[in-house]
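Enquirer: So I've got this file, run-v4.tsv, and it contains TSV, C-alpha atoms:
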```tsv
chain	number	residue	atom	x	y	z
A	22	MET	CA	80.98	85.27	69.16
A	23	PRO	CA	79.64	87.57	66.38
A	24	LEU	CA	76.03	86.76	67.28
A	25	LEU	CA	76.71	87.30	70.98
A	26	ALA	CA	78.48	90.57	70.28
A	27	ARG	CA	75.56	91.84	68.20
A	28	ALA	CA	73.07	90.83	70.88
A	29	LEU	CA	75.04	92.60	73.61
A	30	VAL	CA	75.47	95.76	71.58
A	31	THR	CA	71.80	95.89	70.59
A	32	ALA	CA	70.64	95.38	74.16
A	33	GLY	CA	73.05	98.00	75.39
A	34	ARG	CA	71.90	100.58	72.86
A	35	LEU	CA	68.30	100.10	73.91
A	36	ARG	CA	69.19	100.54	77.59
A	37	ARG	CA	71.20	103.66	76.82
A	38	ARG	CA	68.22	105.23	75.03
A	39	ARG	CA	66.19	104.75	78.20
A	40	GLN	CA	68.88	106.40	80.31
A	41	GLN	CA	69.01	109.83	78.71
A	42	HIS	CA	70.96	112.25	80.89
A	43	SER	CA	73.32	115.16	80.53
A	44	GLY	CA	76.83	113.79	80.53
A	45	ALA	CA	78.31	117.29	80.48
A	46	GLN	CA	76.31	118.32	83.55
A	47	ALA	CA	77.35	115.16	85.39
A	48	ARG	CA	81.01	115.93	84.69
A	49	GLU	CA	80.65	119.48	85.95
A	50	ASP	CA	78.90	118.27	89.09
A	51	LEU	CA	81.79	115.93	89.87
A	52	VAL	CA	84.33	118.71	89.45
A	53	PHE	CA	82.44	121.06	91.75
A	54	ARG	CA	81.98	118.24	94.26
A	55	TYR	CA	85.64	117.26	94.53
A	56	ALA	CA	87.81	120.18	93.39
A	57	PRO	CA	87.25	122.92	96.01
A	58	ARG	CA	90.29	123.49	98.26
A	59	ARG	CA	92.11	120.46	96.83
A	60	SER	CA	94.90	120.06	94.32
A	61	PHE	CA	93.43	118.80	91.05
A	62	LEU	CA	95.04	116.95	88.15
A	63	ASP	CA	93.40	116.52	84.73
A	64	VAL	CA	94.95	113.59	82.84
A	65	GLY	CA	94.44	113.77	79.09
A	66	CYS	CA	93.33	117.38	79.31
A	67	MET	CA	93.91	118.56	75.77
A	68	TRP	CA	92.35	116.46	73.00
A	69	ASN	CA	89.04	117.93	71.87
A	70	VAL	CA	88.45	119.72	75.21
A	71	HIS	CA	91.35	122.20	75.33
A	72	GLY	CA	91.74	122.15	79.11
A	73	LYS	CA	88.05	122.66	79.86
A	74	ILE	CA	87.98	120.47	82.97
A	75	ALA	CA	91.20	121.97	84.33
A	76	PHE	CA	89.76	125.48	83.97
A	77	LEU	CA	86.51	124.32	85.54
A	78	ALA	CA	88.40	122.94	88.54
A	79	GLU	CA	90.19	126.26	88.91
A	80	GLU	CA	86.84	128.03	88.74
A	81	ALA	CA	85.44	125.65	91.36
A	82	GLY	CA	88.11	126.73	93.84
A	83	ALA	CA	90.82	124.09	93.53
A	84	ALA	CA	93.97	124.91	95.48
A	85	ARG	CA	96.12	124.28	92.38
A	86	VAL	CA	95.44	122.68	89.02
A	87	THR	CA	97.65	120.72	86.63
A	88	GLY	CA	96.83	119.24	83.26
A	89	ILE	CA	98.89	116.64	81.42
A	90	ASP	CA	98.69	115.30	77.87
A	91	VAL	CA	100.93	113.73	75.24
A	92	THR	CA	99.96	116.48	72.80
A	93	ALA	CA	101.09	120.09	72.84
A	94	PRO	CA	98.76	122.76	74.24
A	95	THR	CA	96.22	123.79	71.64
A	96	PRO	CA	95.66	127.38	70.53
A	97	GLU	CA	92.23	127.20	72.16
A	98	PHE	CA	93.81	126.22	75.48
A	99	GLN	CA	96.40	128.97	75.27
A	100	ALA	CA	93.79	131.59	74.42
A	101	GLU	CA	91.52	130.57	77.30
A	102	HIS	CA	94.48	130.41	79.68
A	103	ALA	CA	95.36	133.99	78.77
A	104	ARG	CA	91.76	135.21	78.89
A	105	ARG	CA	91.32	133.85	82.40
A	106	ALA	CA	94.80	134.88	83.57
A	107	SER	CA	94.82	131.25	84.66
A	108	THR	CA	97.39	129.58	86.90
A	109	VAL	CA	96.69	126.10	85.48
A	110	ARG	CA	100.02	124.34	84.94
A	111	PHE	CA	100.45	122.16	81.86
A	112	VAL	CA	102.81	119.21	81.66
A	113	ARG	CA	103.40	117.64	78.27
A	114	GLY	CA	104.24	113.98	78.68
A	115	ASP	CA	103.13	110.37	78.58
A	116	LEU	CA	101.30	109.29	81.74
A	117	ASN	CA	102.97	105.89	81.55
A	118	GLU	CA	106.49	107.32	81.69
A	119	PRO	CA	108.14	107.70	85.13
A	120	ALA	CA	109.55	111.10	84.14
A	121	THR	CA	106.03	112.44	83.59
A	122	ILE	CA	104.92	111.14	86.98
A	123	ALA	CA	107.89	112.80	88.66
A	124	GLU	CA	107.31	116.15	86.94
A	125	THR	CA	103.57	116.14	87.59
A	126	GLY	CA	103.58	115.09	91.24
A	127	ARG	CA	100.79	113.76	93.42
A	128	HIS	CA	97.47	115.62	93.58
A	129	ASP	CA	94.54	115.25	95.95
A	130	VAL	CA	92.07	114.67	93.12
A	131	VAL	CA	92.90	113.08	89.77
A	132	TRP	CA	90.51	113.33	86.83
A	133	CYS	CA	90.97	110.85	83.97
A	134	TYR	CA	88.31	110.92	81.30
A	135	GLY	CA	88.36	108.88	78.10
A	136	VAL	CA	91.91	107.58	78.43
A	137	LEU	CA	91.86	104.00	79.73
A	138	TYR	CA	90.52	102.32	76.60
A	139	HIS	CA	93.04	104.22	74.43
A	140	VAL	CA	96.12	102.66	76.04
A	141	PRO	CA	97.63	99.28	75.15
A	142	ASP	CA	98.45	98.48	78.80
A	143	PRO	CA	95.56	99.68	80.98
A	144	MET	CA	96.98	98.04	84.11
A	145	LEU	CA	100.15	100.13	83.84
A	146	THR	CA	98.04	103.24	83.32
A	147	LEU	CA	95.93	102.48	86.40
A	148	ARG	CA	99.05	101.98	88.51
A	149	ARG	CA	100.40	105.33	87.29
A	150	LEU	CA	97.11	106.97	88.18
A	151	ARG	CA	97.33	105.47	91.65
A	152	GLU	CA	100.81	106.95	92.07
A	153	LEU	CA	99.41	110.39	91.25
A	154	THR	CA	96.29	110.14	93.43
A	155	GLY	CA	96.41	111.48	96.95
A	156	GLU	CA	92.72	111.14	97.86
A	157	THR	CA	90.31	110.55	94.98
A	158	LEU	CA	90.51	109.25	91.41
A	159	LEU	CA	87.62	110.18	89.12
A	160	LEU	CA	87.92	107.75	86.22
A	161	THR	CA	85.55	107.68	83.27
A	162	THR	CA	85.90	105.15	80.47
A	163	GLU	CA	83.95	103.65	77.61
A	164	THR	CA	82.75	100.13	78.42
A	165	LEU	CA	80.83	97.16	77.06
A	166	PRO	CA	77.86	95.38	78.64
A	167	GLU	CA	78.66	92.32	80.71
A	168	VAL	CA	79.11	89.04	78.84
A	169	PRO	CA	76.87	86.38	80.46
A	170	GLY	CA	78.94	83.63	82.00
A	171	LEU	CA	82.26	85.44	81.44
A	172	PRO	CA	82.98	87.79	84.35
A	173	GLY	CA	85.97	90.01	83.77
A	174	ALA	CA	85.68	89.87	79.97
A	175	CYS	CA	87.44	92.37	77.70
A	176	VAL	CA	87.64	92.73	73.93
A	177	LEU	CA	90.95	93.59	72.26
A	178	TYR	CA	89.69	95.65	69.34
A	179	PRO	CA	92.90	95.74	67.25
A	180	ALA	CA	92.84	91.94	67.08
A	181	LEU	CA	89.43	91.85	65.39
A	182	ASP	CA	89.00	91.23	61.69
A	183	ASP	CA	86.69	93.34	59.52
A	184	ARG	CA	83.64	91.29	60.42
A	185	GLY	CA	84.41	91.43	64.11
A	186	ARG	CA	84.84	95.20	64.02
A	187	ARG	CA	81.47	95.66	62.34
A	188	ASP	CA	79.74	93.96	65.26
A	189	TYR	CA	81.07	96.59	67.68
A	190	ALA	CA	80.94	99.55	65.29
A	191	ALA	CA	77.16	99.47	65.60
A	192	ALA	CA	77.29	100.45	69.27
A	193	ARG	CA	77.60	104.16	68.62
A	194	SER	CA	78.13	106.70	65.87
A	195	GLY	CA	81.38	108.37	64.91
A	196	GLU	CA	84.82	107.19	63.93
A	197	ARG	CA	86.70	104.98	66.37
A	198	VAL	CA	90.12	103.89	65.23
A	199	ALA	CA	90.52	100.08	65.40
A	200	ILE	CA	86.72	99.66	65.46
A	201	THR	CA	85.22	101.59	62.57
A	202	THR	CA	88.62	101.65	60.86
A	203	PRO	CA	91.60	99.26	60.97
A	204	TYR	CA	94.20	99.46	63.73
A	205	ALA	CA	96.60	102.37	63.28
A	206	ALA	CA	100.07	101.15	64.26
A	207	HIS	CA	101.60	104.58	63.56
A	208	ASP	CA	99.40	106.39	66.13
A	209	VAL	CA	99.20	104.18	69.21
A	210	TYR	CA	96.97	106.29	71.44
A	211	ALA	CA	94.47	107.10	68.70
A	212	ASN	CA	93.31	103.48	68.76
A	213	TRP	CA	90.44	102.13	70.79
A	214	TRP	CA	92.33	99.23	72.34
A	215	TRP	CA	89.91	97.73	74.80
A	216	GLY	CA	86.23	97.00	75.25
A	217	ILE	CA	86.07	96.71	79.03
A	218	THR	CA	83.12	95.19	80.88
A	219	PRO	CA	82.18	96.57	84.31
A	220	SER	CA	83.35	93.42	86.09
A	221	ALA	CA	86.70	93.67	84.31
A	222	LEU	CA	86.99	97.31	85.33
A	223	ARG	CA	86.31	96.44	88.97
A	224	GLY	CA	88.97	93.75	88.91
A	225	MET	CA	91.53	95.99	87.20
A	226	LEU	CA	91.01	98.73	89.78
A	227	GLU	CA	91.43	96.28	92.66
A	228	VAL	CA	94.61	94.76	91.25
A	229	ALA	CA	96.02	98.25	90.62
A	230	GLY	CA	95.52	99.15	94.28
A	231	LEU	CA	92.47	101.35	93.86
A	232	GLU	CA	89.41	100.91	96.06
A	233	LEU	CA	86.16	101.44	94.16
A	234	MET	CA	83.78	103.67	96.10
A	235	GLU	CA	81.13	104.26	93.44
A	236	LEU	CA	80.44	103.07	89.89
A	237	SER	CA	77.81	104.80	87.77
A	238	GLY	CA	76.66	105.05	84.17
A	239	GLY	CA	76.27	102.38	81.57
A	240	PRO	CA	76.14	100.34	79.48
A	241	PHE	CA	78.81	101.89	77.27
A	242	HIS	CA	80.10	104.60	79.58
A	243	ARG	CA	81.11	104.24	83.23
A	244	THR	CA	82.45	106.58	85.89
A	245	ALA	CA	84.40	105.09	88.79
A	246	ILE	CA	85.12	107.05	91.95
A	247	CYS	CA	88.10	105.46	93.67
A	248	ARG	CA	90.64	106.01	96.38
A	249	PRO	CA	94.09	104.48	96.80
A	250	ALA	CA	94.02	101.19	98.69
A	251	HIS	CA	96.71	100.36	101.22
A	252	ALA	CA	98.71	98.25	98.78
A	253	ALA	CA	98.54	97.24	95.14
A	254	LYS	CA	98.44	93.52	94.36
```
Go through the file and emit its structure as C-alpha cells.

Expert:
Amino acid sequence: MPLLARALVTAGRLRRRRQQHSGAQAREDLVFRYAPRRSFLDVGCMWNVHGKIAFLAEEAGAARVTGIDVTAPTPEFQAEHARRASTVRFVRGDLNEPATIAETGRHDVVWCYGVLYHVPDPMLTLRRLRELTGETLLLTTETLPEVPGLPGACVLYPALDDRGRRDYAAARSGERVAITTPYAAHDVYANWWWGITPSALRGMLEVAGLELMELSGGPFHRTAICRPAHAAK
C-alpha cells in the first residue's frame, strides 16, 4: 500500500498543477448562482473564514441566511456583522446533534465546505445535511484520487502509522492533524479523518438520500451539487 499511495498522490499532484483555477472565484460563483431569493445555510461558517460565505449569500440577495459552527463567533465575524448591519443568524452547535438541527431549521440551500473529512462519522453528517436541505446541497470536500480496482475506497487517516502518514502528507503543503501530525484525541474535529475517493463520495451521497446532480474539481478537492432524493437508504 505505501507504494500505491505514493503513486496516487504523485499523479494527483501533477494533474492538479495542470488544472490551475481560482477556487475562491468558483465558490463565489456558486453562492451567486444559488443564493438569490432563497434561504441559505452555511455549515461550518466560522473557522478561518469568519462568516464570509454567509455574508456573501446575504449580499447576493438570499431571503435569509444562517450560519452554524461548533466554535463561538469570532471577533472578525462580529465586527463584519456590525459593519454590514447584517441580519445573518448564527447558531452555535454540533451539526450531528438533533438539537442543533431543530434550532437551525431547514433551508432552501445548504453550503458545507471543508467539513465532511473532519468528522468521524461522515454518513451521519450527510444525513443531517439532508435533513437541513430543502432544495440544494453545495458540498465541497477534500478527496483522494481513485484507487484502481477498489471502487468506493477511503483511507482512515488516524489509523495510519508514521510511515503511512508520510505517504499522504506529500499531497499538499500545510499542517493537517492526523496526517502531518499524529491523531489528536482531545480535539476530535481538528483531525483529518477520511481520505475519500470520488466513487466513495458518490456512494455515500446516494446512501444518505442525496441525489448527485454535478461533481466537479479534483483530484484532491471536489464539489458536489446535490438535492434530496425521495428516501434515504

Enquirer: Closest to Thr244 (chain A) among A:Ala84, A:Ala180, A:Cys175, A:Leu51, using all atoms listed in the file?

Expert: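 When distances to Thr244 (chain A) are compared using all atoms listed in the file, the smallest one comes from A:Leu51.
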
Enquirer: For Leu147 (chain A), please output as a ChimeraX atom specification all residues within 9 Å (counting all atoms listed in the file; exclusion window: fewer than 5 positions along the same chain).

Expert: /A:137,142,152,225-226,229-231

Enquirer: Between A:Met144, A:Val228, A:Leu150, A:Leu159, which has the minimum distance to Arg48 (chain A) (counting only C-alpha atoms)?

Expert: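 Ranked by minimum distance to Arg48 (chain A), first place goes to A:Leu159.
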
Enquirer: Got a sec: who's within 6 Å of region 76-82 of chain A, counting all atoms listed in the file, leaving out chain neighbours fewer than 6 positions off, as number ranges by chain?

Expert: A: 52-53, 56-58

Enquirer: Please indicate the distance in Å from CA of Glu97 (chain A) to CA of Val64 (chain A), rounded to one decimal place.

Expert: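 Answer for the CA of Glu97 (chain A) to CA of Val64 (chain A) separation: 17.5 Å.
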
Enquirer: With only C-alpha atoms as the basis for distance, which of A:Arg113, A:Ala245, A:Trp68, A:Ser107 is at the shortest distance from Thr95 (chain A)?

Expert: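 Between A:Arg113, A:Ala245, A:Trp68, A:Ser107, the residue approaching Thr95 (chain A) most closely is A:Trp68.
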
Enquirer: What's around Val91 (chain A) at 7 Å? Count all atoms listed in the file, leave out sequence neighbours fewer than 2 positions away in its own chain, and write the answer as a list in words.

Expert: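 Contacts, with the query itself left out: Ala93, Arg113, Gly114 and Asp115 of chain A.
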
Enquirer: Work out how far CA of Cys133 (chain A) is from CA of Leu160 (chain A), in Å to one decimal.

Expert: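 Those two atoms sit 4.9 Å apart.
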
Enquirer: May I ask which of the residues A:Val70, A:Ala205, A:Val112, A:Leu158 is the closest one to Asp90 (chain A), counting only C-alpha atoms?

Expert: A:Val112

Enquirer: Please provide as a ChimeraX atom specification all residues within 8 Å of region 248-251 of chain A, with the sequence filter that same-chain residues fewer than 5 positions apart are discarded (counting all atoms listed in the file).

Expert: /A:151,154-158,230-234

Enquirer: For Gly173 (chain A), please output as a list of chain:residue names all residues within 8 Å (counting only C-alpha atoms; exclusion window: fewer than 5 positions along the same chain).

Expert: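 Close residues of Gly173 (chain A): A:Thr218, A:Pro219, A:Ser220, A:Ala221, A:Leu222, A:Gly224.
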
Enquirer: Would you mind reading off the distance between CA of Arg149 (chain A) and CA of Lys73 (chain A), one decimal, in Å?

Expert: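 Interatomic distance, CA of Arg149 (chain A) to CA of Lys73 (chain A): 22.5 Å.
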
Enquirer: Using all atoms listed in the file, which residue out of A:Pro166, A:Gly65, A:Pro179, A:Gly239 lies closest to Pro203 (chain A)?

Expert: A:Pro179
